[in-house]
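What follows is a single structure, written as structure tokens, with notes after it.
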Amino acid sequence: MNRKLTSIITLASVLVMGSVLQGCSTSVERMDTKEVTDLSGDWNDTDSRMVSEEMIADVLSRPWISSFVRKNNNQPAVIVGEIRNLSHEHINVNTFVGDMERELINSGKVEFVASSDERGEIREERRDQELHSSEATRKAMGREVGADFMLKGSINTILDTEGKSQIRYYQIDLTLISMADNRKVWVGQKKIKKLVKKAGMRW
Amino acid sequence: MHWLTHPVRLIRTPLLLSAMLISSGCVSMAYTQDPLEQYLITQQPELALTALEQQQHKPRDQAIYHLNKATLLRMQGNFEDSNTELETAKQTSTNLEALSLREQAAAVTVNDAMRSYLPAPFERAMLYCLKIINYLELNDLNGARVETLQLDVFLKQNFETAEPAFARYLSGLVFEANKELSDALIAYRKAYQAYKTAETNVPKQLQADLLRLTDDQGLADEHQTYLEEFKLKHWLKQSELNRHGEFIAIVLNGLVPHKHETAINAQDPRSGQLHRIAIPFYEKRQAQVKTVQIVDTNLSRPGETFAALDQQAEANLSDQMPGIIARAIARVSVKNNFSDNMAKQSQLLGFVSNIAGFISEQADTRGWYSLPQEIIISRIALPPGDHELDIRLKGNANTIVAKKSSNIIALQQRQKQFYSWHLPASTITSKRDDHARITYSASIRHRID
């Protein structure tokens, strides 16, 4: 009887220790980047991708492009301006802007010009080329393509919290402004609503 | 021959006395040997950080570790890493809001310090504030704004009435720096309400800000009310301020008082069992700096106290005290029942468990002790251009305790430049527990009886 009890206790101990040790070790699992995984409820890669894909699809389907091409006989050049984070979260706006740039460029419907920071670096390189590159390969100053439109926007949030539950409402507003005359040629809006429930108990 | 049959009775009294001495000695030993505080007071945050890293940190004290590390990093000018630590402390605190039955059980059987340390609401509000100040120092106005919005949610959830006024004032500064004057006015209004609720003086700077912004936003009635109440002769109009830049110094002064333990010991005349109830109380501290002055070539501005964290700490402990006492009394009952049951099996076991229960009764004296005792703010509006400023911290009789000269500051119109300085120099003026004893001992004895 005693030997049986000892065996049961030993087996139970091994199982408990095994599960504890498994819980302590780091585990890594490769995931599809399009798989939706919400951990904290904060703004994440899925939100960034969803918003950029949907909003860019919207902006590219509107008549401002055809009207510009008709008038100017070439594709519009677009630049992404400031996307202000006015939300409650530290959102990495750069990944969001990156997603939008990718969607715009890959659409083939618009041309894209480098942002203000990127332009500074490229101009510096051009200045350097004037001094150090051969005449045949040197790129001259003053031949940049000026943007026809600037895409600007903001990310806002409204939070409603009660106890352990929180409604997070994100509103992303984007505006495409004509550089020539400040006309707003497109205004887009995307909303995301999440219900986040915090744990009430812990170990 | 009686002592041979009952050896426990013979050694009981001297051992109980020893237990009393040991248990009362533990706290003061821990206090006097805290190197962190010594290095802070001598303004050596690098050594304090080394000492912190060398200390053992229990998993239940993780929040305190990250908070102290954050404070020490920011004192060395490492604002980014400080914010990483503060964010970790914030997440840890959020997770600790969930109830742990295991820790609650430990709190009513051993002592309150067996629970994970969830920073007090005033400490958590300061966590957000320090993050905001770090972002302002990094000139990251968007980051500061995000924290300000999170702080607003936290304050709404955790302070029904007496909000920390400084947190609201700092929020106003962030909105102003972001040129959102309407939001700034709302935050300043809340700061004003918080000072009134706490029955403390409304800083003259806040009075001037309210007058300036209500005038700018065209709120004539509200402006008139403030004019009549404050009776300020001079205040800067928004149009005038718009032609200037502004330098804002935030001085974190001294160190928040530490908690110590006071205990009420009693012996049951029938069973001979010892009862012990330990509760925390705050020491009194005096910061070395009394006032702050920013000095430009032809202009100087004094500072004003916007936050007294020692008072907030005291108020928080008073609010918590009924719960602390209730748990302590529950522990007495649990521990004595356990000793009684043990004594039924063996007198020695009963005695040992009584001693163990007695010694383990310790007050929870943990806290975020690298916080300042108070916060002083000084704002100076300056014409656009280069400025070299002196920040003077003055003690008694207007003597300069410490002085720093800024690098050349290139101020632009409507730009706000922030600078913070933590001078922990302070002295303990009293560690007497009279107040705690007088206030709570009668209630404890009554409930034990």
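Each chain of the structure tokens is named A, B, ... in the order shown, its residues numbered from 1; ligands are numbered from 1 in display order.
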Residues within 12 Å of Leu181 in chain B, only C-alpha atoms, excluding chain neighbours under 2 positions, as JSON, numbers by chain: {"B": [171, 172, 173, 174, 175, 176, 177, 178, 179, 183, 184, 185, 186, 187, 188, 209, 210, 212, 213, 214, 215, 216, 217, 238, 242, 414]}
Would you kindly report the residues of chain A within 9 Å of chain B, using only C-alpha atoms, as a list in words? Arg84, Asn85, Leu86, Ser87, His88, Glu89, His90, Leu159, Asp160, Thr161, Glu162, Gly163, Lys164, Lys198, Ala199, Gly200, Met201, Arg202 and Trp203 of chain A
Create the file for the chosen residues now, containing C-alpha atoms and written as a CSV table (one decimal), in the first residue's frame.
chain,number,residue,atom,x,y,z
A,84,ARG,CA,-0.5,62.7,-35.9
A,85,ASN,CA,-1.0,60.2,-33.1
A,86,LEU,CA,-3.6,61.9,-30.9
A,87,SER,CA,-4.5,58.6,-29.3
A,88,HIS,CA,-4.1,57.2,-25.8
A,89,GLU,CA,-1.4,54.8,-27.0
A,90,HIS,CA,2.2,55.1,-28.1
A,159,LEU,CA,-11.9,55.2,-24.2
A,160,ASP,CA,-14.8,54.1,-22.1
A,161,THR,CA,-13.9,52.2,-19.0
A,162,GLU,CA,-15.9,50.6,-16.3
A,163,GLY,CA,-14.3,48.2,-13.8
A,164,LYS,CA,-12.3,45.6,-15.7
A,198,LYS,CA,-8.9,42.7,-17.9
A,199,ALA,CA,-8.4,39.6,-15.7
A,200,GLY,CA,-10.1,39.9,-12.4
A,201,MET,CA,-8.1,37.1,-10.7
A,202,ARG,CA,-4.4,36.1,-10.7
A,203,TRP,CA,-2.3,33.4,-9.0
Can you tell me, as a list in words, what residues are no more than 10 Å from Glu54 in chain A when counting only C-alpha atoms, ignoring any on the same chain fewer than 6 positions away?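 Contacts, in chain order: Met100, Glu103, Gly188, Gln189 and Lys190 of chain A.
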Considering only C-alpha atoms, return as a ChimeraX atom specification whatever protein or nucleic-acid residues lie within 10 Å of Lys131 in chain B, sequence-local ones (same chain, fewer than 5 positions apart) excluded. /B:70,74,79-80,82-87,126,136-137,143-144,147-148
Those in range 66-264 of chain B with alpha helix (DSSP H) from DSSP, as a count of residues only: 131
List the neighbours of Ser93 in chain B out to 9 Å using only C-alpha atoms; skip same-chain residues closer than 2 positions along the sequence, and give me the result as an NGL selection string. :B and (63 or 88-91 or 95-97 or 117-119 or 124)
Atom-to-atom span, CA of Asn201 in chain B and CA of Pro164 in chain B, Å: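 Between CA of Asn201 in chain B and CA of Pro164 in chain B the gap is 13.5 Å.
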Find the residues near Glu111 in chain A: any atom within 10 Å, counting only C-alpha atoms, skip ones fewer than 3 places away on the same chain, and give them as a list in words. Asn74, Gln75, Pro76, Ala77, Val78, Ile79, Leu104, Ile105, Asn106, Ser107, Gly108, Val145, Ala147 and Asp148 of chain A
Spatial neighbours of Pro372 in chain B, 10 Å, only C-alpha atoms, chain gap at least 4 places, as a ChimeraX atom specification: /B:71,126,251-257,287,307-310,368,422-426
B:Ser271, B:Gln293, B:Met75, B:Leu371 ranked by distance to Lys404 in chain B, top pick (using only C-alpha atoms):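 The shortest atom-to-atom distance to Lys404 in chain B comes from B:Gln293.
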